[in-house]
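Structure file my_file_3.txt with compact mmCIF, C-alpha atoms:
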# COMPACT_ATOMS: atom_id res chain seq x y z
CA MET A 1 -109.29 -141.56 98.03
CA ILE A 2 -113.02 -141.17 97.35
CA PHE A 3 -113.54 -141.37 101.12
CA MET A 4 -111.44 -138.22 101.60
CA TYR A 5 -113.55 -136.35 99.05
CA ILE A 6 -116.72 -137.38 100.90
CA ILE A 7 -115.19 -136.06 104.13
CA MET A 8 -114.35 -132.80 102.35
CA GLY A 9 -117.98 -132.37 101.28
CA ILE A 10 -119.16 -133.03 104.83
CA LEU A 11 -116.73 -130.41 106.14
CA ALA A 12 -118.04 -127.88 103.60
CA ILE A 13 -121.62 -128.49 104.80
CA SER A 14 -120.57 -128.11 108.43
CA ILE A 15 -118.78 -124.85 107.60
CA PHE A 16 -122.10 -123.56 106.21
CA LEU A 17 -123.91 -124.63 109.40
CA GLY A 18 -121.34 -122.86 111.57
CA ALA A 19 -121.57 -119.74 109.43
CA TYR A 20 -125.36 -119.80 109.79
CA ARG A 21 -125.03 -119.73 113.57
CA LEU A 22 -122.40 -117.02 113.27
CA LEU A 23 -124.68 -114.73 111.27
CA LYS A 24 -127.97 -115.57 112.98
CA GLY A 25 -126.84 -115.90 116.60
CA PRO A 26 -128.60 -113.38 118.83
CA SER A 27 -125.85 -112.75 121.35
CA ALA A 28 -122.10 -112.35 121.05
CA SER A 29 -121.51 -115.54 123.06
CA ASP A 30 -123.15 -117.60 120.30
CA ARG A 31 -120.90 -115.98 117.75
CA ALA A 32 -117.79 -116.67 119.84
CA VAL A 33 -118.73 -120.35 120.16
CA ALA A 34 -119.47 -120.49 116.42
CA LEU A 35 -116.04 -118.99 115.76
CA ASP A 36 -114.41 -121.66 117.92
CA ALA A 37 -116.30 -124.44 116.11
CA LEU A 38 -115.36 -122.98 112.72
CA THR A 39 -111.73 -122.90 113.85
CA ASN A 40 -111.78 -126.64 114.57
CA ILE A 41 -113.59 -127.48 111.31
CA THR A 42 -111.15 -125.33 109.34
CA THR A 43 -108.13 -126.97 110.95
CA ALA A 44 -109.47 -130.36 109.83
CA LEU A 45 -110.04 -128.96 106.32
CA LEU A 46 -106.48 -127.60 106.15
CA VAL A 47 -105.03 -130.99 107.14
CA LEU A 48 -107.24 -132.67 104.53
CA ILE A 49 -106.03 -130.28 101.82
CA ALA A 50 -102.43 -131.02 102.85
CA TYR A 51 -103.12 -134.74 102.55
CA LEU A 52 -104.88 -134.55 99.20
CA SER A 53 -102.28 -132.31 97.56
CA GLU A 54 -99.44 -134.49 99.01
CA ARG A 55 -97.38 -131.53 100.16
CA PHE A 56 -96.78 -131.90 103.85
CA ILE A 57 -95.37 -128.40 104.27
CA TYR A 58 -99.03 -127.38 104.24
CA LEU A 59 -99.46 -128.93 107.67
CA ASP A 60 -97.61 -125.95 109.16
CA VAL A 61 -100.50 -123.68 108.19
CA ALA A 62 -102.93 -125.83 110.20
CA LEU A 63 -100.51 -125.87 113.15
CA VAL A 64 -100.01 -122.09 113.21
CA TYR A 65 -103.70 -121.44 112.76
CA ALA A 66 -104.76 -123.82 115.53
CA ILE A 67 -102.37 -122.13 117.98
CA LEU A 68 -103.19 -118.52 117.13
CA ALA A 69 -106.97 -118.80 116.81
CA PHE A 70 -106.91 -119.99 120.41
CA VAL A 71 -105.51 -116.57 121.41
CA GLY A 72 -108.40 -114.80 119.69
CA VAL A 73 -111.05 -116.95 121.36
CA ILE A 74 -109.36 -116.42 124.74
CA ALA A 75 -109.40 -112.64 124.17
CA ILE A 76 -113.14 -112.69 123.34
CA ALA A 77 -113.94 -114.84 126.37
CA ARG A 78 -111.90 -112.57 128.62
CA TYR A 79 -113.76 -109.53 127.27
CA LEU A 80 -117.18 -111.15 127.78
CA GLU A 81 -116.25 -111.98 131.34
CA GLY A 82 -115.45 -108.32 131.93
CA GLY A 83 -111.76 -108.55 132.69
CA LEU A 84 -110.21 -106.99 129.60
CA MET B 1 -114.40 -130.85 91.08
CA ILE B 2 -114.79 -130.88 94.85
CA GLU B 3 -111.87 -128.44 95.19
CA SER B 4 -113.66 -125.92 93.01
CA ILE B 5 -116.85 -126.36 95.08
CA ILE B 6 -114.83 -125.72 98.26
CA ALA B 7 -113.26 -122.63 96.65
CA TRP B 8 -116.72 -121.26 95.72
CA VAL B 9 -118.00 -121.93 99.24
CA MET B 10 -115.00 -120.10 100.73
CA ALA B 11 -115.35 -117.10 98.41
CA LEU B 12 -119.09 -116.79 99.17
CA LEU B 13 -118.44 -117.06 102.89
CA ALA B 14 -115.71 -114.40 102.75
CA PHE B 15 -118.12 -112.05 100.96
CA ILE B 16 -120.92 -112.64 103.48
CA ALA B 17 -118.60 -112.20 106.46
CA ALA B 18 -117.14 -108.97 105.05
CA VAL B 19 -120.60 -107.47 104.39
CA TYR B 20 -121.75 -108.45 107.87
CA ALA B 21 -118.62 -106.93 109.45
CA VAL B 22 -119.47 -103.59 107.83
CA GLU B 23 -123.21 -103.67 108.57
CA ALA B 24 -123.37 -104.97 112.16
CA LYS B 25 -124.14 -102.59 115.01
CA ASP B 26 -122.44 -104.77 117.61
CA LEU B 27 -118.73 -104.12 117.18
CA LEU B 28 -117.75 -107.37 118.90
CA SER B 29 -119.71 -109.27 116.23
CA SER B 30 -117.90 -107.20 113.62
CA ALA B 31 -114.54 -108.22 115.07
CA ILE B 32 -115.57 -111.90 115.03
CA SER B 33 -116.71 -111.54 111.41
CA VAL B 34 -113.35 -110.04 110.45
CA GLY B 35 -111.72 -113.09 112.03
CA ILE B 36 -113.94 -115.41 109.96
CA ALA B 37 -113.19 -113.54 106.73
CA SER B 38 -109.46 -113.72 107.43
CA LEU B 39 -109.73 -117.44 108.15
CA VAL B 40 -111.57 -118.15 104.91
CA VAL B 41 -109.14 -116.07 102.85
CA SER B 42 -106.30 -118.06 104.47
CA ILE B 43 -107.87 -121.30 103.18
CA LEU B 44 -108.16 -119.75 99.71
CA PHE B 45 -104.46 -118.83 99.80
CA LEU B 46 -103.61 -122.41 100.73
CA MET B 47 -105.74 -123.78 97.88
CA LEU B 48 -103.90 -121.44 95.48
CA HIS B 49 -100.61 -123.13 96.57
CA ALA B 50 -99.20 -120.23 98.60
CA PRO B 51 -98.59 -121.73 102.06
CA ASP B 52 -96.30 -118.92 103.27
CA VAL B 53 -98.93 -116.27 102.57
CA ALA B 54 -101.50 -118.52 104.25
CA ILE B 55 -99.35 -118.85 107.39
CA THR B 56 -98.88 -115.07 107.59
CA GLU B 57 -102.57 -114.39 107.01
CA ALA B 58 -103.61 -116.95 109.64
CA SER B 59 -101.22 -115.63 112.27
CA ILE B 60 -101.66 -111.88 111.71
CA GLY B 61 -105.26 -111.77 110.53
CA ALA B 62 -106.97 -114.37 112.64
CA GLY B 63 -104.85 -114.20 115.79
CA LEU B 64 -103.37 -110.78 116.36
CA THR B 65 -105.85 -108.49 114.61
CA MET B 66 -108.91 -109.94 116.30
CA ALA B 67 -107.26 -109.84 119.75
CA ILE B 68 -106.24 -106.20 119.24
CA PHE B 69 -109.75 -105.30 118.04
CA VAL B 70 -111.34 -106.94 121.08
CA TYR B 71 -108.85 -105.19 123.36
CA SER B 72 -109.66 -101.79 121.83
CA ILE B 73 -113.43 -102.48 122.05
CA GLY B 74 -112.90 -103.18 125.73
CA ARG B 75 -111.12 -99.84 126.13
CA THR B 76 -113.76 -97.80 124.24
CA GLU B 77 -117.40 -98.85 123.80
CA ARG B 78 -119.13 -101.80 122.23
CA TRP B 79 -122.23 -100.55 120.40
CA GLU B 80 -122.12 -98.40 117.29
CA LYS B 81 -124.31 -95.28 117.52
Transcribe the structure of this file into structure tokens.
Amino acid sequence: MIFMYIIMGILAISIFLGAYRLLKGPSASDRAVALDALTNITTALLVLIAYLSERFIYLDVALVYAILAFVGVIAIARYLEGGL
Amino acid sequence: MIESIIAWVMALLAFIAAVYAVEAKDLLSSAISVGIASLVVSILFLMLHAPDVAITEASIGAGLTMAIFVYSIGRTERWEK
């Protein structure tokens, strides 16, 4: 169980690193990639919260978020390419 | 202990993302920051034991709102004057 708490601390640090790139990044492409990385880190954090609180209905939040954040990243990439 | 640290991190990050979304001149960066703030608030809802609100916030806020913002930026113009 202490291992899961260590992983949660590591995920919090990596969320800060992703947010640093999101705020500092010079171009919009950096921010889009930072958003995608934060999506993956956050999905892992949601699954970890579902495991630690022992309520497996919480896994649905991670599932819905992982599907729908993909749509947002696709929309940003399509705009940066010039097609939207 | 670690849950309260995570909650403080999420609240701070939501504040920073919201301030940046208001202040940025690049509207695409503002739309991405709104997506981050919505994501972080969704985690806070989950940690407050409201998974249905978290599902709605994640689907509407992070998915649909950001896509509609990016679509409308593509139809109008990107830089704030």
Please determine an axis-aligned box that encloses all atoms of range 31-47 of chain A listed in the file, with 6 Å added on each side, and express its centre and edge lengths in Å to one decimal as lines of an AutoDock Vina configuration file.
center_x = -113.0
center_y = -123.5
center_z = 113.2
size_x = 27.9
size_y = 27.0
size_z = 26.0
Pick from B:Ile6, B:Met66, B:Tyr71, B:Ser59 nearest to Ala66 in chain A, counting all atoms listed in the file: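 Closest residue, counting all atoms listed in the file: B:Ser59.
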Neighbour residues at most 6 Å from (-119.8, -101.0, 119.4) (all atoms listed in the file) as an MDAnalysis selection string: chainID B and resid 26:27 77:80
Write the residues of the preceding selection, restricted to C-alpha atoms, as a PDB file, keeping the file's coordinate frame.
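Just written: out-v3.pdb:
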ATOM      1  CA  ASP B  26    -122.440-104.770 117.610  1.00  0.00           C
ATOM      2  CA  LEU B  27    -118.730-104.120 117.180  1.00  0.00           C
ATOM      3  CA  GLU B  77    -117.400 -98.850 123.800  1.00  0.00           C
ATOM      4  CA  ARG B  78    -119.130-101.800 122.230  1.00  0.00           C
ATOM      5  CA  TRP B  79    -122.230-100.550 120.400  1.00  0.00           C
ATOM      6  CA  GLU B  80    -122.120 -98.400 117.290  1.00  0.00           C
TER       7      GLU B  80
END
Find the residues in chain B near chain A: any atom within 9 Å counts, using all atoms listed in the file. Write them as a PyMOL selection string. chain B and resi 2-3+5-6+9-10+13+16-17+20+26+28-29+32-33+35-36+39-40+42-43+46-47+49+51-52+54-56+58-60+62-68+70-71+73-75
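Here CA of Ala37 in chain B stands at a distance of 10.1 Å from CA of Leu12 in chain B.
Taking CA of Leu48 in chain B and CA of Ala37 in chain A as the two end points, the separation is 24.3 Å.
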Between CA of Lys24 in chain A and CA of Ser4 in chain B, what distance in Å does the model show, to one decimal?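 About the pair CA of Lys24 in chain A and CA of Ser4 in chain B: they are 26.7 Å apart.
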